>>> print(open('input-v3.txt').read())   # compact mmCIF, C-alpha atoms
# COMPACT_ATOMS: atom_id res chain seq x y z
CA MET A 12 17.44 82.90 58.04
CA LEU A 13 19.09 83.00 61.43
CA LYS A 14 17.16 84.02 64.50
CA THR A 15 19.39 86.16 66.60
CA GLU A 16 17.60 88.03 69.32
CA VAL A 17 14.21 88.44 70.96
CA ILE A 18 13.42 91.44 73.17
CA THR A 19 10.26 91.83 75.22
CA VAL A 20 8.91 95.38 75.28
CA ALA A 21 6.98 96.21 78.43
CA THR A 22 8.41 99.56 79.55
CA SER A 23 9.89 102.64 77.90
CA GLY A 24 13.30 101.43 79.07
CA ASP A 25 12.83 98.41 76.81
CA ILE A 26 12.60 100.75 73.80
CA VAL A 27 16.18 101.77 74.59
CA LEU A 28 17.18 98.09 74.74
CA VAL A 29 15.60 97.55 71.30
CA ARG A 30 17.55 100.50 69.89
CA HIS A 31 20.81 99.10 71.26
CA ALA A 32 20.09 95.55 70.04
CA VAL A 33 19.23 96.78 66.52
CA ARG A 34 22.43 98.83 66.45
CA ARG A 35 24.45 95.79 67.55
CA GLN A 36 22.97 93.60 64.80
CA ALA A 37 23.34 96.35 62.18
CA LEU A 38 27.04 96.57 63.00
CA LYS A 39 27.40 92.81 62.46
CA ILE A 40 26.43 93.18 58.78
CA ASN A 41 28.37 96.42 58.39
CA LEU A 42 25.44 98.65 57.54
CA SER A 43 26.60 102.19 56.76
CA LEU A 44 26.22 104.73 59.56
CA VAL A 45 23.24 106.37 57.83
CA ASP A 46 21.52 103.02 57.30
CA GLN A 47 22.20 102.01 60.91
CA THR A 48 20.67 105.27 62.06
CA LYS A 49 17.64 104.74 59.85
CA ILE A 50 16.81 101.23 61.02
CA VAL A 51 17.51 102.05 64.68
CA THR A 52 15.19 105.07 64.43
CA ALA A 53 12.48 103.04 62.66
CA ALA A 54 12.80 100.33 65.34
CA SER A 55 12.48 102.93 68.08
CA GLU A 56 9.22 104.22 66.59
CA LEU A 57 7.79 100.73 66.16
CA ALA A 58 8.86 99.56 69.63
CA ARG A 59 7.07 102.60 71.07
CA ASN A 60 3.96 101.67 69.07
CA LEU A 61 4.11 98.20 70.64
CA LEU A 62 4.06 99.79 74.06
CA ILE A 63 1.51 102.58 73.48
CA TYR A 64 -0.97 100.84 71.19
CA GLY A 65 -0.27 97.14 71.66
CA GLY A 66 0.10 97.12 75.44
CA GLY A 67 3.61 95.71 75.02
CA GLY A 68 4.91 93.00 72.76
CA GLU A 69 7.93 91.28 71.34
CA VAL A 70 10.67 92.29 68.95
CA THR A 71 12.58 89.63 67.01
CA LEU A 72 15.76 90.50 65.16
CA GLU A 73 17.11 88.33 62.36
CA LEU A 74 20.13 88.58 60.13
CA LEU A 75 19.39 87.60 56.55
CA GLN A 76 21.56 86.44 53.71
CA GLN A 77 20.31 86.51 50.15
CA GLY A 78 23.03 85.59 47.67
CA SER A 79 25.86 87.97 48.43
CA ARG A 80 23.81 90.56 50.25
CA ASN A 81 23.10 90.76 53.94
CA GLY A 82 20.13 92.25 55.66
CA LEU A 83 18.67 92.95 59.06
CA ARG A 84 15.03 92.22 59.71
CA ALA A 85 13.08 93.30 62.76
CA GLU A 86 9.63 92.03 63.57
CA PHE A 87 7.31 93.78 66.05
CA VAL A 88 4.43 91.70 67.34
CA ASP A 89 1.72 92.66 69.80
CA LYS A 90 -1.56 91.13 70.88
CA GLY A 91 -3.21 94.50 71.28
CA PRO A 92 -6.47 95.79 69.81
CA GLY A 93 -5.17 95.83 66.23
CA ILE A 94 -5.54 98.57 63.62
CA PRO A 95 -8.96 98.97 61.96
CA ASP A 96 -7.70 101.06 59.02
CA ILE A 97 -4.06 100.46 58.14
CA ASN A 98 -3.93 103.03 55.33
CA LEU A 99 -5.17 105.71 57.70
CA ALA A 100 -2.66 104.64 60.37
CA LEU A 101 0.18 104.95 57.83
CA ARG A 102 -0.75 108.52 56.96
CA ASP A 103 1.55 111.22 58.35
CA GLY A 104 -0.05 113.23 61.07
CA PHE A 105 -2.70 110.65 61.93
CA THR A 106 -2.54 109.56 65.55
CA THR A 107 -4.80 108.12 68.18
CA GLY A 108 -2.06 108.16 70.81
CA GLY A 109 -1.30 111.85 71.25
CA GLY A 110 2.04 111.66 69.42
CA MET A 111 2.97 113.32 66.18
CA GLY A 112 1.59 110.60 63.95
CA LEU A 113 4.91 109.95 62.26
CA GLY A 114 5.77 106.55 63.70
CA LEU A 115 4.32 104.10 61.22
CA GLY A 116 4.62 106.11 58.00
CA GLY A 117 8.02 107.45 59.07
CA ALA A 118 9.35 103.98 59.89
CA LYS A 119 8.20 102.78 56.46
CA ARG A 120 10.22 105.51 54.74
CA LEU A 121 13.38 104.57 56.67
CA VAL A 122 13.65 100.95 55.54
CA ASN A 123 13.83 98.95 52.31
CA GLU A 124 10.96 96.60 53.08
CA PHE A 125 7.94 97.20 55.26
CA ASN A 126 5.08 94.87 55.94
CA ILE A 127 2.15 95.26 58.28
CA GLU A 128 -0.58 92.79 59.19
CA SER A 129 -3.29 93.77 61.59
CA ALA A 130 -6.96 93.28 62.27
CA PRO A 131 -9.22 94.47 65.06
CA GLY A 132 -8.89 92.12 68.03
CA LYS A 133 -6.02 90.21 66.41
CA GLY A 134 -3.03 92.34 67.29
CA THR A 135 -0.45 93.78 64.94
CA ARG A 136 2.69 92.47 63.26
CA VAL A 137 5.07 94.90 61.58
CA THR A 138 8.18 93.67 59.78
CA ILE A 139 10.97 95.93 58.53
CA THR A 140 14.11 95.02 56.61
CA ARG A 141 17.17 97.02 55.72
CA TRP A 142 19.58 95.52 53.18
CA ARG A 143 23.23 96.25 52.96
CA MET B 258 22.05 135.66 86.03
CA GLY B 259 19.96 136.11 82.91
CA ASP B 260 22.48 134.40 80.70
CA PHE B 261 22.63 131.14 78.79
CA LEU B 262 22.03 127.58 79.88
CA LEU B 263 24.07 124.80 78.29
CA VAL B 264 22.54 121.32 78.40
CA THR B 265 24.52 118.38 77.11
CA ILE B 266 22.57 115.17 76.55
CA GLN B 267 25.03 112.34 77.00
CA VAL B 268 22.93 109.23 77.36
CA ASP B 269 20.37 107.44 75.22
CA MET B 270 17.29 108.65 77.08
CA HIS B 271 14.17 106.59 77.60
CA ASP B 272 10.91 108.47 77.09
CA GLN B 273 10.19 109.34 80.73
CA LEU B 274 13.70 110.68 81.15
CA ALA B 275 13.26 112.87 78.06
CA SER B 276 9.97 114.21 79.43
CA ALA B 277 11.57 114.85 82.82
CA LEU B 278 14.41 116.74 81.16
CA GLN B 279 11.90 118.89 79.30
CA ASP B 280 10.15 119.82 82.57
CA ASP B 281 13.38 120.37 84.53
CA LEU B 282 14.78 122.56 81.80
CA THR B 283 11.65 124.67 81.56
CA ASN B 284 11.70 125.22 85.34
CA LYS B 285 15.37 126.04 85.27
CA ILE B 286 14.91 128.63 82.50
CA ALA B 287 12.36 130.44 84.63
CA ARG B 288 14.36 130.14 87.84
CA VAL B 289 17.63 131.55 86.50
CA LYS B 290 15.87 133.91 84.06
CA ALA B 291 17.91 132.45 81.21
CA LYS B 292 17.80 134.35 77.93
CA GLY B 293 19.18 131.52 75.88
CA VAL B 294 19.40 127.73 75.99
CA LEU B 295 21.89 125.59 74.14
CA ILE B 296 21.03 121.90 73.89
CA ASP B 297 24.02 119.87 72.77
CA ILE B 298 22.89 116.60 71.15
CA SER B 299 26.24 115.64 69.59
CA SER B 300 26.31 112.44 71.68
CA LEU B 301 22.91 111.29 70.46
CA ASP B 302 23.16 108.69 67.72
CA ILE B 303 19.45 108.83 66.97
CA VAL B 304 16.64 111.35 67.35
CA ASP B 305 13.25 109.73 66.95
CA SER B 306 9.85 111.43 66.96
CA PHE B 307 9.68 111.39 70.77
CA ILE B 308 13.02 113.13 71.30
CA GLY B 309 12.21 115.44 68.38
CA ARG B 310 8.96 116.41 70.03
CA MET B 311 10.75 116.97 73.35
CA LEU B 312 13.20 119.33 71.63
CA ALA B 313 10.36 121.18 69.89
CA ASN B 314 8.31 121.45 73.10
CA THR B 315 11.27 122.67 75.13
CA SER B 316 12.02 125.29 72.50
CA ALA B 317 8.38 126.44 72.44
CA MET B 318 8.16 126.64 76.23
CA ALA B 319 11.45 128.53 76.41
CA ARG B 320 10.11 131.01 73.88
CA VAL B 321 7.07 131.66 76.04
CA LEU B 322 9.48 132.32 78.91
CA ASP B 323 11.37 134.78 76.71
CA ALA B 324 14.36 132.55 76.07
CA GLN B 325 15.82 131.43 72.76
CA THR B 326 16.77 127.77 72.22
CA VAL B 327 19.45 126.50 69.87
CA VAL B 328 19.96 122.77 69.33
CA VAL B 329 23.59 122.12 68.49
CA GLY B 330 25.78 119.28 67.28
CA MET B 331 23.30 117.09 65.46
CA GLN B 332 25.17 114.30 63.67
CA PRO B 333 24.70 114.29 59.87
CA ALA B 334 23.26 110.74 59.87
CA VAL B 335 20.73 111.85 62.46
CA ALA B 336 19.75 114.88 60.37
CA ILE B 337 19.27 112.75 57.25
CA THR B 338 17.13 110.26 59.17
CA LEU B 339 15.02 112.93 60.85
CA VAL B 340 14.04 114.48 57.56
CA GLU B 341 13.12 111.11 56.07
CA LEU B 342 11.16 110.25 59.18
CA GLY B 343 9.12 113.39 58.45
CA LEU B 344 10.26 115.58 61.34
CA ASN B 345 11.35 118.92 59.95
CA LEU B 346 11.86 120.51 63.39
CA SER B 347 10.50 123.79 62.09
CA GLY B 348 10.61 126.39 64.80
CA ILE B 349 13.80 124.97 66.26
CA HIS B 350 17.03 126.87 65.75
CA THR B 351 20.04 124.70 65.08
CA ALA B 352 23.77 125.29 64.88
CA LEU B 353 26.70 123.04 64.02
CA ASP B 354 28.41 123.21 67.41
CA VAL B 355 28.30 124.91 70.81
CA GLU B 356 30.49 127.79 69.65
CA LYS B 357 28.27 128.57 66.64
CA GLY B 358 25.18 128.18 68.78
CA MET B 359 26.56 130.65 71.29
CA GLU B 360 27.26 133.13 68.48
CA MET B 361 23.69 132.70 67.31
CA LEU B 362 22.33 133.42 70.78
CA ARG B 363 24.57 136.47 71.21
CA ARG B 364 23.44 137.85 67.85
CA HIS B 365 19.87 137.29 68.91
CA MET B 366 20.56 139.10 72.20
CA ASP B 367 21.79 142.20 70.39
CA ILE B 368 18.33 143.34 69.44
CA PRO B 369 16.64 143.06 72.87
CA ASP B 370 19.74 144.65 74.43
CA LEU B 371 18.99 147.90 72.59
CA ASP B 372 15.59 148.06 74.27
CA GLU B 373 17.01 147.26 77.66
CA GLU B 374 19.30 150.32 77.55
CA THR B 375 16.32 152.57 77.98
CA GLY B 376 14.33 150.21 80.17
CA ALA B 377 14.85 148.94 83.70
CA GLN B 378 17.56 146.34 84.16
CA ASP B 379 17.36 143.61 86.76
>>> encode(input="input-v3.txt", output="structure tokens")
Amino acid sequence: MLKTEVITVATSGDIVLVRHAVRRQALKINLSLVDQTKIVTAASELARNLLIYGGGGEVTLELLQQGSRNGLRAEFVDKGPGIPDINLALRDGFTTGGGMGLGLGGAKRLVNEFNIESAPGKGTRVTITRWR
Amino acid sequence: MGDFLLVTIQVDMHDQLASALQDDLTNKIARVKAKGVLIDISSLDIVDSFIGRMLANTSAMARVLDAQTVVVGMQPAVAITLVELGLNLSGIHTALDVEKGMEMLRRHMDIPDLDEETGAQD
């Protein structure tokens, strides 16, 4: 596993930087255009969550190699208030932030692997992976 | 002028910029008494829930101001992703390109035009 890039998310402009960085890494492993679009969109949703719910945080991008296949993993970590009920937060239409409530559940549908760890007062860590 | 506005989004917008565009566009529709708005998103390589909401809001506000909105030029990869994300953009009219969008607006104008023949024209 090769660490490639860390982006701090503190403003909405940083969400754009995350989108561009994810696109750049996705191109390195030749993800198809649709798969690039999916992981960039998922990353945009999760980076916004970092900002809105986590009070900012950090995104780490890694390129993975497993046998002959390559993947791109993005990890979103904040030290915010955490999520009391993860299943509820994953449900479409549920929001506490005034958005559409599609971010978390939507991001999950756009990637191959999705993992979330969170507890009240402990912050949130979301990891997504898209394989080529 | 009471005609159409064409808006081409050419940069990857951060959220505040997208919100500002929504407000500017709504003001502009009222100021020029536009009857139709074409929003060209062919340069956008992603539409996430924030941009999607901005497009839906703009379209809804335009409707209240008696203008029809057509979003044109969405890239196929963006369309596929949007649907999987869960955004169906119901209530937004879409067309493949500016030309088709314009046709759609003109067709839409045909019906109100019939009423205007008997009513006062500005």
>>> interface_residues(input="input-v3.txt", of="chain B", to="chain A", cutoff="8 Å", atoms="all atoms listed in the file", output="ChimeraX atom specification")
/B:269-273,302-307,310,334-335,337-338,341-344
>>> closest_residue(input="input-v3.txt", among="B:Leu301, B:Ala287, B:Ala324, B:Val340", to="Thr265 in chain B", atoms="all atoms listed in the file")
B:Leu301
>>> closest_residue(input="input-v3.txt", among="A:Leu57, A:Ile97, A:Val20, A:Gly134", to="Ala85 in chain A", atoms="only C-alpha atoms")
A:Leu57
>>> residues_near_point(input="input-v3.txt", point="(21.4, 136.9, 67.9)", cutoff="12 Å", atoms="only C-alpha atoms", output="ChimeraX atom specification")
/B:292-293,324-327,350,357-370
>>> atom_distance(input="input-v3.txt", atom1="CA of Gln36 in chain A", atom2="CA of Leu83 in chain A")
7.2 Å
>>> atom_distance(input="input-v3.txt", atom1="CA of Ile286 in chain B", atom2="CA of Asp354 in chain B")
21.0 Å
>>> axis_aligned_box(input="input-v3.txt", around="range 273-284 of chain B", padding_each_side="4 Å", output="AutoDock Vina command-line options")
--center_x 12.4 --center_y 117.3 --center_z 81.7 --size_x 12.8 --size_y 23.9 --size_z 15.3
>>> atom_distance(input="input-v3.txt", atom1="CA of Thr140 in chain A", atom2="CA of Gly82 in chain A")
6.7 Å
>>> closest_residue(input="input-v3.txt", among="A:Ile94, A:Arg143, A:Phe105, A:Phe125", to="Arg80 in chain A", atoms="only C-alpha atoms")
A:Arg143
>>> residues_around(input="input-v3.txt", residues="Glu73 in chain A", least_positions_apart="3", cutoff="12 Å", atoms="only C-alpha atoms", output="PyMOL selection string")
chain A and resi 12-18+32-33+35-37+39-40+70+76+81-87+138-142
>>> write_last_selection(input="input-v3.txt", atoms="C-alpha atoms", output="short mmCIF file (atom, residue, chain, number, x, y, z; two decimals), in the frame of the given file")
data_model
loop_
_atom_site.label_atom_id
_atom_site.label_comp_id
_atom_site.auth_asym_id
_atom_site.auth_seq_id
_atom_site.Cartn_x
_atom_site.Cartn_y
_atom_site.Cartn_z
CA MET A 12 17.44 82.90 58.04
CA LEU A 13 19.09 83.00 61.43
CA LYS A 14 17.16 84.02 64.50
CA THR A 15 19.39 86.16 66.60
CA GLU A 16 17.60 88.03 69.32
CA VAL A 17 14.21 88.44 70.96
CA ILE A 18 13.42 91.44 73.17
CA ALA A 32 20.09 95.55 70.04
CA VAL A 33 19.23 96.78 66.52
CA ARG A 35 24.45 95.79 67.55
CA GLN A 36 22.97 93.60 64.80
CA ALA A 37 23.34 96.35 62.18
CA LYS A 39 27.40 92.81 62.46
CA ILE A 40 26.43 93.18 58.78
CA VAL A 70 10.67 92.29 68.95
CA GLN A 76 21.56 86.44 53.71
CA ASN A 81 23.10 90.76 53.94
CA GLY A 82 20.13 92.25 55.66
CA LEU A 83 18.67 92.95 59.06
CA ARG A 84 15.03 92.22 59.71
CA ALA A 85 13.08 93.30 62.76
CA GLU A 86 9.63 92.03 63.57
CA PHE A 87 7.31 93.78 66.05
CA THR A 138 8.18 93.67 59.78
CA ILE A 139 10.97 95.93 58.53
CA THR A 140 14.11 95.02 56.61
CA ARG A 141 17.17 97.02 55.72
CA TRP A 142 19.58 95.52 53.18
#
